[in-house]
Amino acid sequence: MAETSYATVAQLKAQLTIATDDTSRDDDLARVLAATSRGIDDATGRRFWLDDAPVPRVVGLLGRTLADADGDRLLVRDIGSLDGLVVETGRAGSWSDVTAGVEPDPPDALDEGKPITSLLLVSSRWPAGGGQRARITARWGYPAVPGPIAEATLIQATRLYKRKDSPEGVMGSAEWGVVRISRRDPDVWALIEKYILDGFA
């Protein structure tokens, strides 16, 4: 699946009070939305679009597992759907399917519109050492774009689009005079902050 923008051109037009039948700037608006969406990905360390089909990823196990009374949790990138989930352990050319013994965690995450962030190997341990890996085939990403992420995208895209009128980082106004544009929009940051993975702040 191609990378997805977190708001639509129509929504950005409404934000900028551009007439819906004015298509002269649609390409520029789409480009700004795409750049803003990828910027939010970079700022949060995750992505909020979902793969159309399951995609395999091989991950190392060292430093990714947490043991508790129920078994071992393997920390993974966001999984937004359980359709086609396959979990295997081993190494290239020799994989063993362990899907039947795996439970998604948090168990109610998808029901709440949130992603799976770990896989619990029930009453067992993920293999350690010897170059062991996990191959996880899943639909990666968020189940759907969260409302705050969509709103942050519109705010930041509006700001970015208007940069063409402020090449030196200032914006002119007959009423307000010259106003310098801040480096980080506090409203955007407040909207995306809770989605930031540790280490990406």
# chains A, B, ... in the order shown; residues from 1 in each chain; ligands from 1
>>> residues_around(residues="A:Arg139", least_positions_apart="2", cutoff="8 Å", atoms="only C-alpha atoms", output="list in words")
Leu50, Asp51, Asp52, Ala53, Pro54, Val55, Ile79, Gly80, Ser81, Leu82, Asp83, Gly84, Leu85, Thr137 and Gly141 of chain A
>>> select_by_dssp(residues="stretch 14-108 of chain A", states="strand (DSSP E)", output="number ranges by chain")
A: 55-60, 65-68, 71-91, 94-97, 102-105
>>> select_by_dssp(residues="stretch 33-176 of chain A", states="helix (DSSP H, G or I)", output="JSON, numbers by chain")
{"A": [33, 34, 35, 36, 37, 38, 39, 40, 41, 42, 43, 44, 99, 100, 101, 110, 111, 112, 147, 148, 149, 150, 151, 152, 153, 154, 155, 156, 157, 158, 159, 160, 161, 162, 163, 164, 165]}
>>> residues_around(residues="A:Val98", least_positions_apart="3", cutoff="12 Å", atoms="only C-alpha atoms", output="ChimeraX atom specification")
/A:85-90,95,101-103,119-122,124-127,134-137
>>> write_last_selection(atoms="C-alpha atoms", output="short mmCIF file (atom, residue, chain, number, x, y, z; two decimals), in the first residue's frame")
data_model
loop_
_atom_site.label_atom_id
_atom_site.label_comp_id
_atom_site.auth_asym_id
_atom_site.auth_seq_id
_atom_site.Cartn_x
_atom_site.Cartn_y
_atom_site.Cartn_z
CA LEU A 85 -1.22 -12.88 11.20
CA VAL A 86 1.52 -15.54 11.16
CA VAL A 87 4.25 -15.77 13.78
CA GLU A 88 7.30 -17.96 13.27
CA THR A 89 10.60 -18.45 15.07
CA GLY A 90 13.94 -19.68 13.82
CA TRP A 95 11.09 -21.35 10.45
CA GLY A 101 0.44 -20.23 20.90
CA VAL A 102 0.51 -16.45 20.49
CA GLU A 103 -1.97 -13.91 21.87
CA LEU A 119 2.80 -10.69 21.13
CA LEU A 120 2.40 -12.95 24.16
CA LEU A 121 3.78 -16.47 23.79
CA VAL A 122 1.49 -18.16 26.29
CA SER A 124 6.34 -20.41 27.07
CA ARG A 125 9.46 -18.45 26.26
CA TRP A 126 10.71 -16.94 23.05
CA PRO A 127 13.97 -18.67 22.03
CA ALA A 134 10.97 -14.06 14.81
CA ARG A 135 9.32 -13.70 11.42
CA ILE A 136 6.02 -11.90 11.81
CA THR A 137 3.60 -11.57 8.92
#
>>> residues_around(residues="A:Thr8", least_positions_apart="5", cutoff="9 Å", atoms="only C-alpha atoms", output="list of chain:residue names")
A:Lys13, A:Leu29, A:Ala30, A:Leu33, A:Leu154
>>> closest_residue(among="A:Tyr195, A:Val58, A:Tyr6, A:Arg91", to="A:Gln156", atoms="only C-alpha atoms")
A:Tyr6
>>> closest_atom_pairs(of="stretch 15-112 of chain A", to="stretch 157-161 of chain A", cutoff="10 Å", atoms="only C-alpha atoms", output="JSON lines")
{"residue": "A:Gln15", "atom": "CA", "partner": "A:Thr158", "partner_atom": "CA", "distance": 7.1}
{"residue": "A:Leu16", "atom": "CA", "partner": "A:Thr158", "partner_atom": "CA", "distance": 6.8}
{"residue": "A:Asp28", "atom": "CA", "partner": "A:Tyr161", "partner_atom": "CA", "distance": 8.1}
{"residue": "A:Leu29", "atom": "CA", "partner": "A:Tyr161", "partner_atom": "CA", "distance": 7.3}
{"residue": "A:Ala30", "atom": "CA", "partner": "A:Ala157", "partner_atom": "CA", "distance": 9.6}
{"residue": "A:Arg31", "atom": "CA", "partner": "A:Ala157", "partner_atom": "CA", "distance": 9.5}
{"residue": "A:Val32", "atom": "CA", "partner": "A:Ala157", "partner_atom": "CA", "distance": 5.8}
{"residue": "A:Leu33", "atom": "CA", "partner": "A:Ala157", "partner_atom": "CA", "distance": 5.7}
{"residue": "A:Ala34", "atom": "CA", "partner": "A:Ala157", "partner_atom": "CA", "distance": 8.9}
{"residue": "A:Ala35", "atom": "CA", "partner": "A:Ala157", "partner_atom": "CA", "distance": 8.2}
{"residue": "A:Thr36", "atom": "CA", "partner": "A:Ala157", "partner_atom": "CA", "distance": 5.8}
{"residue": "A:Ser37", "atom": "CA", "partner": "A:Ala157", "partner_atom": "CA", "distance": 8.6}
>>> write_last_selection(atoms="N, CA and C atoms", output="short mmCIF file (atom, residue, chain, number, x, y, z; two decimals), in the first residue's frame")
data_model
loop_
_atom_site.label_atom_id
_atom_site.label_comp_id
_atom_site.auth_asym_id
_atom_site.auth_seq_id
_atom_site.Cartn_x
_atom_site.Cartn_y
_atom_site.Cartn_z
N GLN A 15 -10.10 24.11 5.59
CA GLN A 15 -9.26 24.77 6.60
C GLN A 15 -8.70 26.08 6.06
N LEU A 16 -8.38 26.10 4.76
CA LEU A 16 -7.79 27.28 4.13
C LEU A 16 -8.82 28.18 3.46
N ASP A 28 -0.56 20.90 -5.09
CA ASP A 28 0.24 21.48 -4.02
C ASP A 28 -0.29 21.07 -2.65
N LEU A 29 -1.61 21.08 -2.51
CA LEU A 29 -2.22 20.70 -1.23
C LEU A 29 -1.94 19.23 -0.92
N ALA A 30 -2.04 18.37 -1.91
CA ALA A 30 -1.77 16.95 -1.70
C ALA A 30 -0.31 16.74 -1.30
N ARG A 31 0.59 17.48 -1.94
CA ARG A 31 2.01 17.36 -1.61
C ARG A 31 2.28 17.80 -0.17
N VAL A 32 1.65 18.90 0.25
CA VAL A 32 1.82 19.40 1.61
C VAL A 32 1.26 18.41 2.62
N LEU A 33 0.11 17.82 2.32
CA LEU A 33 -0.47 16.82 3.23
C LEU A 33 0.44 15.60 3.36
N ALA A 34 1.02 15.15 2.25
CA ALA A 34 1.91 14.00 2.30
C ALA A 34 3.15 14.31 3.12
N ALA A 35 3.74 15.49 2.91
CA ALA A 35 4.94 15.88 3.65
C ALA A 35 4.64 16.01 5.14
N THR A 36 3.49 16.59 5.47
CA THR A 36 3.10 16.74 6.87
C THR A 36 2.88 15.38 7.53
N SER A 37 2.22 14.48 6.82
CA SER A 37 1.95 13.14 7.37
C SER A 37 3.24 12.39 7.65
#
>>> atom_distance(atom1="atom CA of A:Thr17", atom2="atom CA of A:Ile149")
20.9 Å
>>> atom_distance(atom1="atom CA of A:Gly45", atom2="atom CA of A:Asp198")
8.4 Å
>>> closest_residue(among="A:Val59, A:Leu66, A:Ala109, A:Ile196", to="A:Ala92", atoms="only C-alpha atoms")
A:Val59
>>> decode(residues="stretch 18-66 of chain A", atoms="C-alpha atoms", output="PDB file, in the first residue's frame")
ATOM      1  CA  ILE A  18     -10.477  27.480  -0.640  1.00  0.00           C
ATOM      2  CA  ALA A  19     -13.569  26.820  -2.750  1.00  0.00           C
ATOM      3  CA  THR A  20     -14.250  23.129  -3.290  1.00  0.00           C
ATOM      4  CA  ASP A  21     -14.515  23.630  -7.062  1.00  0.00           C
ATOM      5  CA  ASP A  22     -11.120  25.354  -7.233  1.00  0.00           C
ATOM      6  CA  THR A  23      -8.788  22.530  -8.266  1.00  0.00           C
ATOM      7  CA  SER A  24      -5.872  24.745  -9.330  1.00  0.00           C
ATOM      8  CA  ARG A  25      -3.987  24.089  -6.084  1.00  0.00           C
ATOM      9  CA  ASP A  26      -4.929  20.448  -5.494  1.00  0.00           C
ATOM     10  CA  ASP A  27      -1.496  19.078  -6.393  1.00  0.00           C
ATOM     11  CA  ASP A  28       0.244  21.484  -4.019  1.00  0.00           C
ATOM     12  CA  LEU A  29      -2.217  20.704  -1.235  1.00  0.00           C
ATOM     13  CA  ALA A  30      -1.766  16.948  -1.699  1.00  0.00           C
ATOM     14  CA  ARG A  31       2.012  17.357  -1.609  1.00  0.00           C
ATOM     15  CA  VAL A  32       1.824  19.401   1.608  1.00  0.00           C
ATOM     16  CA  LEU A  33      -0.469  16.817   3.225  1.00  0.00           C
ATOM     17  CA  ALA A  34       1.911  13.999   2.299  1.00  0.00           C
ATOM     18  CA  ALA A  35       4.937  15.879   3.655  1.00  0.00           C
ATOM     19  CA  THR A  36       3.100  16.738   6.867  1.00  0.00           C
ATOM     20  CA  SER A  37       1.951  13.139   7.372  1.00  0.00           C
ATOM     21  CA  ARG A  38       5.479  11.793   6.914  1.00  0.00           C
ATOM     22  CA  GLY A  39       6.738  14.460   9.319  1.00  0.00           C
ATOM     23  CA  ILE A  40       4.277  13.207  11.940  1.00  0.00           C
ATOM     24  CA  ASP A  41       5.527   9.659  11.302  1.00  0.00           C
ATOM     25  CA  ASP A  42       9.090  10.842  11.909  1.00  0.00           C
ATOM     26  CA  ALA A  43       8.159  12.814  15.042  1.00  0.00           C
ATOM     27  CA  THR A  44       6.241   9.942  16.646  1.00  0.00           C
ATOM     28  CA  GLY A  45       8.344   6.995  15.480  1.00  0.00           C
ATOM     29  CA  ARG A  46       5.301   5.197  14.094  1.00  0.00           C
ATOM     30  CA  ARG A  47       2.881   5.331  11.182  1.00  0.00           C
ATOM     31  CA  PHE A  48      -0.875   5.668  11.186  1.00  0.00           C
ATOM     32  CA  TRP A  49      -1.741   3.990   7.879  1.00  0.00           C
ATOM     33  CA  LEU A  50      -2.431   0.277   7.617  1.00  0.00           C
ATOM     34  CA  ASP A  51      -0.976  -2.185   5.122  1.00  0.00           C
ATOM     35  CA  ASP A  52      -3.552  -3.464   2.628  1.00  0.00           C
ATOM     36  CA  ALA A  53      -2.205  -7.019   2.988  1.00  0.00           C
ATOM     37  CA  PRO A  54       0.006  -8.851   5.498  1.00  0.00           C
ATOM     38  CA  VAL A  55       3.728  -8.117   5.134  1.00  0.00           C
ATOM     39  CA  PRO A  56       6.489 -10.303   6.658  1.00  0.00           C
ATOM     40  CA  ARG A  57       9.132  -8.745   8.881  1.00  0.00           C
ATOM     41  CA  VAL A  58      12.049 -10.498  10.558  1.00  0.00           C
ATOM     42  CA  VAL A  59      12.954  -9.125  13.991  1.00  0.00           C
ATOM     43  CA  GLY A  60      15.670  -9.973  16.467  1.00  0.00           C
ATOM     44  CA  LEU A  61      14.585 -11.315  19.830  1.00  0.00           C
ATOM     45  CA  LEU A  62      17.431  -9.988  21.959  1.00  0.00           C
ATOM     46  CA  GLY A  63      16.241  -7.111  24.131  1.00  0.00           C
ATOM     47  CA  ARG A  64      12.672  -7.306  22.780  1.00  0.00           C
ATOM     48  CA  THR A  65      11.118  -9.793  25.213  1.00  0.00           C
ATOM     49  CA  LEU A  66       9.546  -9.300  28.623  1.00  0.00           C
TER      50      LEU A  66
END
